[in-house]
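**Student:** What follows is input-v2.txt, compact mmCIF, C-alpha atoms and all ligand atoms.
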# COMPACT_ATOMS: atom_id res chain seq x y z
CA MET C 1 -27.39 -3.96 83.69
CA ASP C 2 -25.02 -6.13 85.72
CA SER C 3 -26.30 -6.76 89.17
CA LEU C 4 -24.57 -4.90 91.98
CA ASP C 5 -26.39 -6.88 94.69
CA ARG C 6 -23.62 -9.42 94.88
CA PHE C 7 -19.95 -8.61 95.34
CA LEU C 8 -17.82 -10.21 92.65
CA ASN C 9 -14.76 -8.00 92.52
CA ARG C 10 -13.50 -4.48 92.99
CA TYR C 11 -10.81 -2.59 91.09
CA GLU C 12 -9.15 0.17 93.10
CA ILE C 13 -7.30 2.92 91.29
CA GLU C 14 -5.45 5.26 93.61
CA GLY C 15 -2.95 7.96 92.78
CA THR C 16 -1.77 11.55 92.74
CA ILE C 17 -2.94 14.41 90.52
CA GLU C 18 -0.65 17.39 90.14
CA LEU C 19 -1.95 20.73 88.88
CA LYS C 20 0.15 22.16 86.03
CA THR C 21 -1.94 25.33 85.91
CA PRO C 22 -4.30 26.81 88.54
CA MET C 23 -7.59 24.98 89.05
CA ARG C 24 -10.95 26.59 89.63
CA ILE C 25 -13.94 24.72 91.01
CA GLY C 26 -16.49 27.28 92.15
CA GLY C 27 -17.54 27.25 95.80
CA GLY C 28 -21.10 28.50 95.33
CA GLN C 29 -23.01 30.26 98.08
CA ASN C 30 -21.78 28.18 101.01
CA ALA C 31 -18.28 29.47 100.37
CA ALA C 32 -19.12 32.67 102.26
CA MET C 33 -18.12 30.69 105.38
CA TYR C 34 -14.49 30.70 104.42
CA SER C 35 -13.92 33.23 101.65
CA LEU C 36 -14.53 36.90 101.01
CA SER C 37 -13.84 36.55 97.29
CA PRO C 38 -16.73 37.41 94.96
CA ALA C 39 -15.82 34.24 93.05
CA PRO C 40 -14.60 31.77 95.69
CA ALA C 41 -13.21 28.30 95.00
CA ILE C 42 -14.65 25.30 96.82
CA GLU C 43 -12.99 24.27 100.10
CA CYS C 44 -13.63 21.76 102.87
CA PHE C 45 -12.94 21.94 106.58
CA ASP C 46 -10.09 19.86 107.98
CA ALA C 47 -11.21 19.33 111.58
CA GLY C 48 -7.81 17.93 112.60
CA LEU C 49 -5.91 21.06 111.56
CA GLY C 50 -8.84 23.43 112.03
CA VAL C 51 -8.47 24.97 108.58
CA PHE C 52 -10.32 25.13 105.31
CA GLU C 53 -8.48 23.71 102.35
CA PRO C 54 -9.11 23.07 98.67
CA TYR C 55 -10.22 19.68 97.38
CA ILE C 56 -11.69 18.11 94.25
CA PRO C 57 -15.23 16.84 94.91
CA GLY C 58 -15.71 13.23 93.80
CA SER C 59 -18.69 14.33 91.73
CA SER C 60 -16.52 16.80 89.78
CA LEU C 61 -13.86 14.23 88.97
CA LYS C 62 -16.57 11.70 88.08
CA GLY C 63 -18.24 14.14 85.70
CA ILE C 64 -15.02 14.95 83.86
CA LEU C 65 -13.95 11.29 83.70
CA ARG C 66 -17.35 10.36 82.32
CA SER C 67 -17.31 12.94 79.54
CA THR C 68 -13.67 12.12 78.75
CA LEU C 69 -14.47 8.43 78.45
CA GLU C 70 -17.53 9.21 76.33
CA ARG C 71 -15.41 11.30 73.99
CA LEU C 72 -12.91 8.46 73.56
CA VAL C 73 -15.53 5.77 72.96
CA ARG C 74 -17.60 8.00 70.63
CA THR C 75 -14.48 8.70 68.56
CA PHE C 76 -14.32 4.99 67.83
CA ASP C 77 -18.12 4.46 67.55
CA ASP C 78 -20.75 7.01 68.52
CA SER C 79 -23.47 4.36 68.85
CA LYS C 80 -21.71 2.71 71.79
CA CYS C 81 -22.09 5.56 74.21
CA CYS C 82 -24.51 8.39 74.92
CA VAL C 83 -23.50 11.92 75.88
CA SER C 84 -24.04 12.96 79.49
CA VAL C 85 -23.22 16.66 79.15
CA GLY C 86 -24.78 19.15 76.76
CA ASN C 87 -26.78 16.55 74.87
CA LYS C 88 -29.51 18.61 73.28
CA LYS C 89 -30.34 16.15 70.53
CA GLU C 90 -31.73 13.52 72.85
CA GLY C 91 -33.15 15.92 75.40
CA GLY C 92 -30.19 15.60 77.76
CA VAL C 93 -31.36 12.21 79.00
CA LEU C 94 -28.99 9.33 79.67
CA CYS C 95 -29.86 6.35 77.49
CA GLY C 96 -29.50 3.75 80.25
CA LYS C 97 -28.91 1.02 77.66
CA ASP C 98 -26.94 -2.10 78.49
CA SER C 99 -24.86 -1.53 75.39
CA CYS C 100 -23.84 1.98 76.55
CA VAL C 101 -20.36 1.90 78.05
CA SER C 102 -20.84 5.17 79.90
CA CYS C 103 -24.23 4.34 81.48
CA ARG C 104 -22.94 0.88 82.44
CA ILE C 105 -19.88 2.25 84.26
CA PHE C 106 -21.12 5.63 85.52
CA GLY C 107 -24.80 4.83 86.04
CA SER C 108 -28.15 6.03 84.72
CA MET C 109 -31.80 6.07 85.74
CA ASN C 110 -31.91 2.34 84.91
CA GLY C 111 -29.03 1.24 87.06
CA GLY C 112 -26.54 2.37 89.66
CA ALA C 113 -22.96 3.33 88.94
CA LYS C 114 -20.27 0.67 89.04
CA VAL C 115 -17.78 3.37 89.75
CA ARG C 116 -17.44 5.40 92.93
CA ILE C 117 -15.06 8.30 93.18
CA ARG C 118 -14.07 9.75 96.54
CA ASP C 119 -13.29 13.39 97.15
CA SER C 120 -9.63 14.07 96.34
CA HIS C 121 -7.83 15.81 99.20
CA LEU C 122 -4.37 17.34 99.43
CA THR C 123 -1.51 14.85 99.58
CA ASP C 124 0.16 14.48 103.00
CA GLU C 125 3.18 16.27 101.63
CA TRP C 126 1.15 19.32 100.60
CA ARG C 127 -0.94 19.25 103.74
CA SER C 128 2.16 19.31 105.95
CA GLN C 129 3.53 22.46 104.30
CA GLU C 130 3.61 25.32 106.70
CA ASP C 131 3.11 28.07 104.17
CA ARG C 132 -0.42 27.34 103.05
CA ARG C 133 -1.10 30.71 101.48
CA GLY C 134 -0.20 29.51 98.03
CA PHE C 135 -3.09 27.05 97.78
CA LEU C 136 -5.76 29.61 97.04
CA ARG C 137 -5.18 32.96 95.46
CA GLU C 138 -7.29 35.64 93.93
CA GLN C 139 -6.38 36.48 90.38
CA PRO C 140 -7.63 39.23 88.11
CA HIS C 141 -9.81 37.91 85.33
CA PHE C 142 -10.83 40.11 82.42
CA GLY C 143 -14.22 38.88 81.32
CA SER C 144 -16.22 40.44 78.52
CA PRO C 145 -19.97 40.45 79.13
CA LYS C 146 -20.44 40.04 75.37
CA PRO C 147 -18.01 39.08 72.64
CA GLY C 148 -16.40 42.18 71.20
CA LYS C 149 -17.23 44.33 74.26
CA THR C 150 -14.56 45.76 76.51
CA GLY C 151 -13.60 43.41 79.32
CA GLN C 152 -14.25 44.09 82.98
CA MET C 153 -11.83 43.07 85.66
CA ARG C 154 -13.07 40.88 88.44
CA PRO C 155 -11.12 38.91 90.99
CA GLU C 156 -11.47 35.16 90.94
CA GLU C 157 -10.10 32.53 93.31
CA SER C 158 -8.16 29.50 92.12
CA VAL C 159 -5.92 26.76 93.52
CA SER C 160 -2.21 27.27 92.79
CA ALA C 161 -0.31 25.34 90.15
CA GLY C 162 1.84 22.61 91.64
CA THR C 163 -0.77 21.56 94.22
CA GLU C 164 -1.16 17.79 94.54
CA PHE C 165 -4.25 15.75 95.41
CA ARG C 166 -4.81 12.05 96.17
CA PHE C 167 -7.60 10.44 94.17
CA HIS C 168 -9.36 7.14 94.77
CA ILE C 169 -11.64 5.35 92.31
CA ASP C 170 -13.50 2.09 93.01
CA LEU C 171 -14.96 0.01 90.18
CA ASP C 172 -17.28 -2.71 91.47
CA ASN C 173 -18.00 -5.93 89.58
CA GLY C 174 -15.98 -4.65 86.66
CA THR C 175 -13.80 -6.17 83.98
CA ASP C 176 -10.20 -5.54 82.92
CA GLU C 177 -11.64 -3.79 79.87
CA GLU C 178 -13.70 -1.37 81.99
CA ALA C 179 -10.80 -0.66 84.35
CA GLY C 180 -8.65 -0.07 81.25
CA LEU C 181 -11.17 2.42 79.84
CA ILE C 182 -11.05 4.40 83.10
CA LEU C 183 -7.23 4.38 82.98
CA LEU C 184 -7.29 5.59 79.37
CA ALA C 185 -9.64 8.41 80.37
CA LEU C 186 -7.27 9.35 83.23
CA ARG C 187 -4.37 9.37 80.79
CA GLU C 188 -6.16 12.07 78.77
CA PHE C 189 -5.39 14.50 81.62
CA SER C 190 -1.65 13.91 81.31
CA LEU C 191 -1.94 14.30 77.53
CA ASN C 192 -3.57 17.74 78.11
CA ARG C 193 -6.79 16.78 76.33
CA ALA C 194 -8.91 16.77 79.52
CA HIS C 195 -8.94 19.47 82.20
CA LEU C 196 -10.18 19.82 85.77
CA GLY C 197 -12.77 22.38 86.83
CA GLY C 198 -13.87 25.56 85.09
CA GLY C 199 -12.16 28.14 82.90
CA SER C 200 -10.23 25.56 80.91
CA THR C 201 -10.44 27.57 77.68
CA ARG C 202 -8.35 30.25 79.36
CA GLY C 203 -5.93 27.73 80.69
CA HIS C 204 -7.25 26.52 84.05
CA GLY C 205 -7.12 22.89 85.16
CA PHE C 206 -4.21 21.46 83.17
CA CYS C 207 -2.91 18.59 85.29
CA SER C 208 -1.16 15.28 85.18
CA ILE C 209 -1.57 11.93 86.87
CA LYS C 210 1.77 11.75 88.64
CA SER C 211 1.52 8.18 89.83
CA TYR C 212 -1.11 5.54 90.45
CA SER C 213 -1.62 1.96 91.51
CA LEU C 214 -4.21 -0.58 90.41
CA MET C 215 -5.39 -3.31 92.78
CA LYS C 216 -8.12 -5.92 92.43
CA LEU C 217 -10.17 -7.45 95.21
CA SER C 218 -11.82 -10.76 94.31
CA LEU C 219 -14.03 -13.21 96.12
CA HIS C 220 -13.07 -16.90 96.00
CA ASP C 221 -14.92 -19.46 98.15
CA GLY C 222 -16.03 -16.79 100.58
CA VAL C 223 -12.53 -15.36 100.98
CA ILE C 224 -11.56 -11.93 99.66
CA SER C 225 -8.10 -11.66 98.13
CA ARG C 226 -6.34 -8.43 97.12
CA GLU C 227 -3.73 -8.41 94.37
CA LYS C 228 -1.92 -6.03 92.08
CA VAL C 229 -3.20 -6.00 88.49
CA SER C 230 -1.23 -4.94 85.44
CA ASP C 231 -2.49 -1.55 84.23
CA LYS C 232 -0.96 -2.27 80.82
CA ASP C 233 -3.02 -5.47 80.44
CA CYS C 234 -6.20 -3.58 81.36
CA MET C 235 -5.44 -0.74 78.93
CA SER C 236 -4.65 -3.28 76.20
CA ALA C 237 -8.02 -4.93 76.80
CA ALA C 238 -9.72 -1.54 76.51
CA LYS C 239 -7.81 -0.73 73.31
CA ARG C 240 -8.78 -4.10 71.78
CA TYR C 241 -12.40 -3.17 72.50
CA LEU C 242 -12.01 0.28 70.90
CA ALA C 243 -10.13 -1.17 67.90
CA GLY C 244 -13.02 -3.56 67.25
CA LEU C 245 -15.58 -0.75 66.95
CA SER C 246 -16.73 0.51 63.59
CA GLY C 247 -15.53 4.12 63.66
CA SER C 248 -17.39 7.44 63.78
CA SER C 249 -18.19 9.79 60.94
CA ASP C 250 -16.52 13.19 60.72
CA ARG C 251 -19.71 14.98 59.69
CA ASP C 252 -19.60 17.52 62.50
CA ARG C 253 -16.99 18.94 64.86
CA GLY C 254 -18.83 18.40 68.16
CA PHE C 255 -16.75 18.16 71.33
CA ASP C 256 -18.15 14.67 71.99
CA ARG C 257 -15.45 13.06 69.81
CA TYR C 258 -11.99 13.69 68.36
CA TRP C 259 -12.59 14.95 64.86
CA LYS C 260 -10.79 13.30 61.90
CA ALA C 261 -9.21 10.76 64.22
CA PHE C 262 -8.94 8.24 61.40
CA SER C 263 -7.31 10.41 58.74
CA LYS C 264 -3.56 10.47 58.62
CA PRO C 265 -2.22 13.98 59.19
CA VAL C 266 -0.45 15.63 56.25
CA HIS C 267 0.45 18.96 57.87
CA ARG C 268 1.92 19.49 61.31
CA PHE C 269 -1.24 21.39 62.28
CA ASP C 270 -3.73 19.34 60.30
CA ASP C 271 -7.54 19.22 60.71
CA GLY C 272 -8.42 17.56 63.99
CA HIS C 273 -7.59 17.75 67.69
CA VAL C 274 -4.08 19.08 68.26
CA VAL C 275 -2.13 19.76 71.45
CA ALA C 276 0.97 21.90 70.93
CA THR C 277 3.69 22.33 73.54
CA LEU C 278 5.22 25.78 73.05
CA ILE C 279 8.26 27.63 74.31
CA VAL C 280 7.74 31.34 74.89
CA THR C 281 10.93 33.37 75.12
CA CYS C 282 10.81 36.78 76.79
CA LYS C 283 12.55 39.21 74.45
CA THR C 284 12.25 41.90 77.11
CA GLU C 285 11.30 41.81 80.77
CA PHE C 286 7.65 40.79 81.35
CA SER C 287 5.30 41.96 84.10
CA MET C 288 1.60 42.59 84.48
CA LYS C 289 0.10 43.92 87.68
CA GLY C 290 -1.83 41.32 89.69
CA LEU C 291 -4.34 41.98 92.46
CA ASP C 292 -1.91 41.91 95.39
CA GLU C 293 1.17 41.00 93.44
CA PRO C 294 3.68 43.08 91.42
CA THR C 295 3.04 40.66 88.55
CA VAL C 296 0.51 37.88 88.02
CA THR C 297 1.64 34.48 89.31
CA ASN C 298 0.23 30.95 89.28
CA GLY C 299 1.06 30.55 92.98
CA LEU C 300 4.51 29.13 92.23
CA GLY C 301 6.00 31.94 90.19
CA PRO C 302 5.23 34.70 87.69
CA VAL C 303 3.33 33.73 84.54
CA ILE C 304 1.88 35.22 81.41
CA PRO C 305 -1.80 34.33 81.89
CA GLY C 306 -3.40 32.16 79.21
CA SER C 307 -6.26 34.65 79.00
CA THR C 308 -3.81 37.45 78.15
CA ILE C 309 -2.19 35.46 75.35
CA LYS C 310 -5.57 34.42 74.03
CA GLY C 311 -6.84 37.99 74.20
CA PHE C 312 -3.80 39.10 72.21
CA PHE C 313 -4.64 36.68 69.38
CA ARG C 314 -8.28 37.72 69.35
CA HIS C 315 -7.37 41.36 69.23
CA LYS C 316 -4.92 40.79 66.37
CA LEU C 317 -7.46 38.84 64.30
CA GLU C 318 -10.10 41.52 64.86
CA GLU C 319 -7.60 44.19 63.86
CA ARG C 320 -6.91 42.29 60.64
CA LYS C 321 -10.64 42.13 59.85
CA THR C 322 -10.66 38.33 59.93
CA ASP C 323 -13.98 36.69 59.00
CA LYS C 324 -16.27 36.86 62.03
CA LYS C 325 -17.27 33.20 61.61
CA ILE C 326 -13.65 32.15 62.03
CA ILE C 327 -13.17 34.38 65.08
CA ASP C 328 -16.35 32.95 66.63
CA SER C 329 -15.26 29.39 65.97
CA ILE C 330 -11.82 29.94 67.50
CA PHE C 331 -12.81 32.09 70.49
CA GLY C 332 -16.44 31.14 71.07
CA GLY C 333 -19.67 33.01 70.61
CA MET C 334 -22.81 33.57 72.59
CA HIS C 335 -23.91 29.93 72.48
CA HIS C 336 -20.78 27.84 72.17
CA ARG C 337 -17.34 27.71 73.68
CA GLY C 338 -14.24 28.49 71.70
CA ARG C 339 -12.06 25.82 70.16
CA LEU C 340 -8.77 27.36 71.25
CA ILE C 341 -7.53 26.53 74.75
CA VAL C 342 -4.47 28.42 75.95
CA SER C 343 -2.64 27.64 79.19
CA ASP C 344 -0.59 30.10 81.21
CA ALA C 345 3.04 30.41 80.15
CA TRP C 346 5.18 29.60 83.19
CA TYR C 347 8.90 29.88 83.80
CA ALA C 348 10.69 26.70 82.75
CA GLY C 349 14.30 27.69 83.37
CA ARG C 350 16.53 26.52 86.21
CA ARG C 351 17.50 29.73 87.97
CA GLY C 352 15.17 31.23 90.54
CA ILE C 353 13.62 34.45 89.21
CA GLY C 354 11.65 35.76 92.20
CA ASN C 355 8.11 37.06 92.09
CA GLU C 356 8.57 40.62 90.82
CA TYR C 357 8.82 40.12 87.03
CA ILE C 358 10.01 37.65 84.41
CA PRO C 359 13.53 38.65 83.31
CA LYS C 360 14.57 39.13 79.69
CA GLY C 361 15.73 35.89 78.03
CA SER C 362 13.59 33.65 80.26
CA PRO C 363 12.19 30.50 78.67
CA LEU C 364 8.53 29.79 79.48
CA LYS C 365 6.45 26.73 78.71
CA MET C 366 2.82 26.68 77.64
CA TYR C 367 0.20 24.47 75.97
CA MET C 368 -2.22 25.35 73.24
CA VAL C 369 -5.07 22.99 72.46
CA PHE C 370 -6.72 23.29 69.05
CA ASP C 371 -9.95 21.46 69.82
CA ASN C 372 -11.35 19.93 66.62
CA MET C 373 -10.11 22.80 64.49
CA THR C 374 -9.47 23.05 60.76
CA HIS C 375 -5.95 23.54 59.42
CA ASP C 376 -7.07 26.97 58.15
CA GLU C 377 -8.34 28.06 61.59
CA MET C 378 -5.10 26.92 63.22
CA GLU C 379 -3.09 28.93 60.72
CA HIS C 380 -4.80 32.10 61.92
CA ILE C 381 -3.04 31.49 65.23
CA THR C 382 0.20 29.83 64.15
CA GLN C 383 0.99 32.72 61.76
CA PHE C 384 2.08 34.66 64.85
CA PHE C 385 4.65 32.07 65.90
CA GLU C 386 8.36 32.82 65.50
CA THR C 387 7.90 36.58 65.32
CA GLU C 388 8.36 39.10 68.11
CA LEU C 389 5.04 40.07 69.70
CA GLN C 390 3.99 42.64 72.25
CA ILE C 391 1.59 40.51 74.21
CA THR C 392 -0.12 43.12 76.44
CA GLY C 393 -1.60 46.55 75.89
CA ASN C 394 0.58 49.64 75.90
CA THR C 395 -0.02 50.54 79.55
CA SER C 396 1.24 47.19 80.86
CA ALA C 397 4.08 47.31 78.35
CA GLY C 398 5.14 50.69 79.75
CA ILE C 399 4.54 52.62 76.54
CA SER C 400 3.22 56.16 76.99
CA ARG C 401 3.35 59.53 75.27
CA TYR C 402 6.64 60.19 77.00
CA SER C 403 8.31 56.87 76.36
CA GLN C 404 7.68 55.68 72.83
CA GLY C 405 10.27 52.92 72.85
CA VAL C 406 9.54 49.28 73.48
CA LEU C 407 10.09 48.70 77.16
CA LYS C 408 8.71 45.30 78.09
CA ASN C 409 6.27 42.44 77.51
CA ARG C 410 7.69 41.39 74.16
CA VAL C 411 7.85 37.64 73.53
CA GLU C 412 8.42 35.07 70.82
CA ILE C 413 6.46 31.82 70.62
CA ARG C 414 8.10 28.70 69.22
CA VAL C 415 6.72 25.18 68.75
CA GLU C 416 8.40 22.47 70.80
CA SER C 417 6.14 19.55 69.87
CA VAL C 418 2.77 18.82 68.33
CA HIS C 419 0.50 15.91 69.21
CA ARG C 420 -2.63 15.29 67.12
CA PHE C 421 -5.24 12.69 68.06
CA PHE C 422 -4.78 9.90 65.52
CA ALA C 423 -6.67 6.66 66.23
CA LYS C 424 -3.92 4.36 64.94
CA GLU C 425 -1.34 6.04 67.15
CA PHE C 426 -3.68 6.15 70.16
CA LEU C 427 -4.19 2.39 69.96
CA ALA C 428 -0.43 1.75 69.60
CA GLU C 429 0.77 4.13 72.36
ZN ZN C 501 -25.95 5.91 77.93
Would you write out, as structure tokens, the structure that this file holds?
Ligand SMILES: [Zn+2]

**Tutor:**
Amino acid sequence: MDSLDRFLNRYEIEGTIELKTPMRIGGGQNAAMYSLSPAPAIECFDAGLGVFEPYIPGSSLKGILRSTLERLVRTFDDSKCCVSVGNKKEGGVLCGKDSCVSCRIFGSMNGGAKVRIRDSHLTDEWRSQEDRRGFLREQPHFGSPKPGKTGQMRPEESVSAGTEFRFHIDLDNGTDEEAGLILLALREFSLNRAHLGGGSTRGHGFCSIKSYSLMKLSLHDGVISREKVSDKDCMSAAKRYLAGLSGSSDRDRGFDRYWKAFSKPVHRFDDGHVVATLIVTCKTEFSMKGLDEPTVTNGLGPVIPGSTIKGFFRHKLEERKTDKKIIDSIFGGMHHRGRLIVSDAWYAGRRGIGNEYIPKGSPLKMYMVFDNMTHDEMEHITQFFETELQITGNTSAGISRYSQGVLKNRVEIRVESVHRFFAKEFLAE
């Protein structure tokens, strides 16, 4: 391990994260101080303003950055990096080897972390907003205790879409290559392959790095100088490192690498890791009762929740007697998470539409992540694209014994763009 006793240099990465969908980091038992929700989100006390407000704990961001970086490095060579989360094969222990990129940067039992990540607080702009109610909201969440069982509604707190946080990362005694690896991991958020907090498979925690700066402090003859460093040069150094690695096998579809990253895609939705940007058009008016709201919102405006859209697909596949193995792989089973990640669909038009319902004809935007899925599995979902669908149950859609006609909640999903992880492209981007 490199010694951290002596200061050689420090890279400082500072910037703004914007939430594209609501974020949920659980508050645990201490949250009773500031929330009555049965599932509160974490908050901290701002003594200056005398209020509690949401934040992203440094440890949370560090954990996600670490596993994101591990996934990238392991895609290019799984011997260069151990797995910090969910590693059952090696007993869940960090390797602590000098050759391990992740242990070197993020620390292990054998050596401290080179990287330190501060808590990310609201940006000044968001903090100065008078109407603070939008930050945290309770949303209905339909969770099934067991797969295949009827869901139960429980309220759950999350931070509104649109909220912005300032992040700050220090890398001590690092190299351009290491700083570049951290920047590449951060970029995975903007590419929708990494998500903040919990509930990401039902669409929480999509975000983007809105802006950032990279500075380097160095010590020369006892004097510390601070200068701007080119992020592109650092990322190029990191890519040269990744390009020089020997590649990983595609023997399994674990979430610790991007599957089939080295095979050129033939189909649009080919085997591998695919992020699709979709346009959902409301063919009728859409609304679905929220907890306190006439229709569910993401804090900014009405949405079709990712969990609702995902539930629709699951229901359809069950109705069609699809092989249970395929359903389990797509939606998750008792012991593993699903491979399909569906964001909320939010209004992407220009006119204001209010908070009551989504009007007929409205364009909505959403992301679907097919996480290391086969072409065949993806087709079970994409078969529903470009046809008119009734996305909610009959009650929400306003269908009853007395009104048989189609009243609302009918949509059509169309593909805007598809982005599959392909090593050659990743290194060239
Ligand atoms: Zn390691």

**Student:** In Å, with one decimal, what is the gap from CA of Ser236 (chain C) to CA of Gly180 (chain C)?

**Tutor:**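 According to the coordinates, CA of Ser236 (chain C) and CA of Gly180 (chain C) are separated by 7.2 Å.
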
**Student:** Report, in Å with one decimal, the straight-line distance from CA of Trp346 (chain C) to CA of Arg314 (chain C).

**Tutor:** 20.9 Å

**Student:** Which of these residues is nearest to Phe422 (chain C), using all atoms listed in the file: C:Gly272, C:Pro38, C:Gly28, C:Pro57?

**Tutor:** C:Gly272

**Student:** Taking all atoms listed in the file into account, report as a ChimeraX atom specification which residues have an atom no farther than 12 Å from an atom of ligand ZN 501 (chain C).

**Tutor:** /C:1,66-67,69-70,73-74,78-85,87,90,92-111,113

**Student:** With 6 Å as the threshold, what does the neighbourhood of (-7.5, 25.9, 92.3) contain in terms of residues, counting all atoms listed in the file? Coordinates are those of the file; answer as a PyMOL selection string.

**Tutor:** chain C and resi 22-24+158-160

**Student:** Atoms to include: C-alpha atoms. Write the selected residues as a CSV table (one decimal), keeping the file's coordinate frame.

**Tutor:**
chain,number,residue,atom,x,y,z
C,22,PRO,CA,-4.3,26.8,88.5
C,23,MET,CA,-7.6,25.0,89.0
C,24,ARG,CA,-11.0,26.6,89.6
C,158,SER,CA,-8.2,29.5,92.1
C,159,VAL,CA,-5.9,26.8,93.5
C,160,SER,CA,-2.2,27.3,92.8

**Student:** To one decimal place, how far is CA of Arg414 (chain C) from CA of Ala194 (chain C) in Å?

**Tutor:**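 Calculated distance between CA of Arg414 (chain C) and CA of Ala194 (chain C) is 23.2 Å.
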
**Student:** Taking (-21.6, 36.7, 66.9) in the coordinates of the supplied file, I want to know which residues reach to within 7 Å of it, counting only C-alpha atoms; could you give the answer as a PyMOL selection string?

**Tutor:** chain C and resi 328+333-334

**Student:** Taking the block above, write region 194-207 of chain C with N, CA, C and O atoms as an mmCIF file, in the first residue's frame.

**Tutor:**
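result.cif, written as the output of this step:
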data_model
loop_
_atom_site.group_PDB
_atom_site.id
_atom_site.type_symbol
_atom_site.label_atom_id
_atom_site.label_comp_id
_atom_site.auth_asym_id
_atom_site.auth_seq_id
_atom_site.Cartn_x
_atom_site.Cartn_y
_atom_site.Cartn_z
ATOM 1 N N ALA C 194 -25.609 3.584 -12.833
ATOM 2 C CA ALA C 194 -25.430 3.546 -11.379
ATOM 3 C C ALA C 194 -26.484 4.449 -10.752
ATOM 4 O O ALA C 194 -26.865 5.462 -11.339
ATOM 5 N N HIS C 195 -26.967 4.050 -9.575
ATOM 6 C CA HIS C 195 -28.087 4.770 -8.952
ATOM 7 C C HIS C 195 -27.815 5.011 -7.480
ATOM 8 O O HIS C 195 -27.134 4.224 -6.831
ATOM 9 N N LEU C 196 -28.388 6.090 -6.960
ATOM 10 C CA LEU C 196 -28.164 6.468 -5.562
ATOM 11 C C LEU C 196 -29.245 5.877 -4.658
ATOM 12 O O LEU C 196 -30.428 5.959 -4.968
ATOM 13 N N GLY C 197 -28.824 5.336 -3.512
ATOM 14 C CA GLY C 197 -29.786 4.921 -2.495
ATOM 15 C C GLY C 197 -30.507 3.627 -2.829
ATOM 16 O O GLY C 197 -30.087 2.862 -3.693
ATOM 17 N N GLY C 198 -31.627 3.407 -2.124
ATOM 18 C CA GLY C 198 -32.345 2.139 -2.273
ATOM 19 C C GLY C 198 -33.463 2.213 -3.290
ATOM 20 O O GLY C 198 -33.770 3.264 -3.838
ATOM 21 N N GLY C 199 -34.069 1.064 -3.543
ATOM 22 C CA GLY C 199 -35.247 0.995 -4.426
ATOM 23 C C GLY C 199 -34.952 1.285 -5.878
ATOM 24 O O GLY C 199 -35.837 1.701 -6.619
ATOM 25 N N SER C 200 -33.685 1.073 -6.303
ATOM 26 C CA SER C 200 -33.358 1.455 -7.680
ATOM 27 C C SER C 200 -34.070 0.567 -8.694
ATOM 28 O O SER C 200 -34.369 1.018 -9.794
ATOM 29 N N THR C 201 -34.397 -0.688 -8.331
ATOM 30 C CA THR C 201 -35.041 -1.529 -9.345
ATOM 31 C C THR C 201 -36.463 -1.059 -9.635
ATOM 32 O O THR C 201 -37.039 -1.402 -10.646
ATOM 33 N N ARG C 202 -37.041 -0.263 -8.718
ATOM 34 C CA ARG C 202 -38.329 0.339 -9.079
ATOM 35 C C ARG C 202 -38.169 1.831 -9.351
ATOM 36 O O ARG C 202 -39.074 2.621 -9.169
ATOM 37 N N GLY C 203 -36.959 2.195 -9.758
ATOM 38 C CA GLY C 203 -36.799 3.502 -10.369
ATOM 39 C C GLY C 203 -36.263 4.622 -9.498
ATOM 40 O O GLY C 203 -36.139 5.751 -9.952
ATOM 41 N N HIS C 204 -35.926 4.332 -8.225
ATOM 42 C CA HIS C 204 -35.374 5.398 -7.381
ATOM 43 C C HIS C 204 -33.912 5.663 -7.727
ATOM 44 O O HIS C 204 -33.193 4.776 -8.171
ATOM 45 N N GLY C 205 -33.464 6.896 -7.454
ATOM 46 C CA GLY C 205 -32.036 7.203 -7.462
ATOM 47 C C GLY C 205 -31.382 7.398 -8.809
ATOM 48 O O GLY C 205 -30.163 7.396 -8.902
ATOM 49 N N PHE C 206 -32.167 7.589 -9.890
ATOM 50 C CA PHE C 206 -31.552 7.995 -11.150
ATOM 51 C C PHE C 206 -31.086 9.439 -10.969
ATOM 52 O O PHE C 206 -31.821 10.270 -10.434
ATOM 53 N N CYS C 207 -29.868 9.746 -11.404
ATOM 54 C CA CYS C 207 -29.360 11.103 -11.181
ATOM 55 C C CYS C 207 -28.325 11.422 -12.242
ATOM 56 O O CYS C 207 -27.945 10.560 -13.032
#
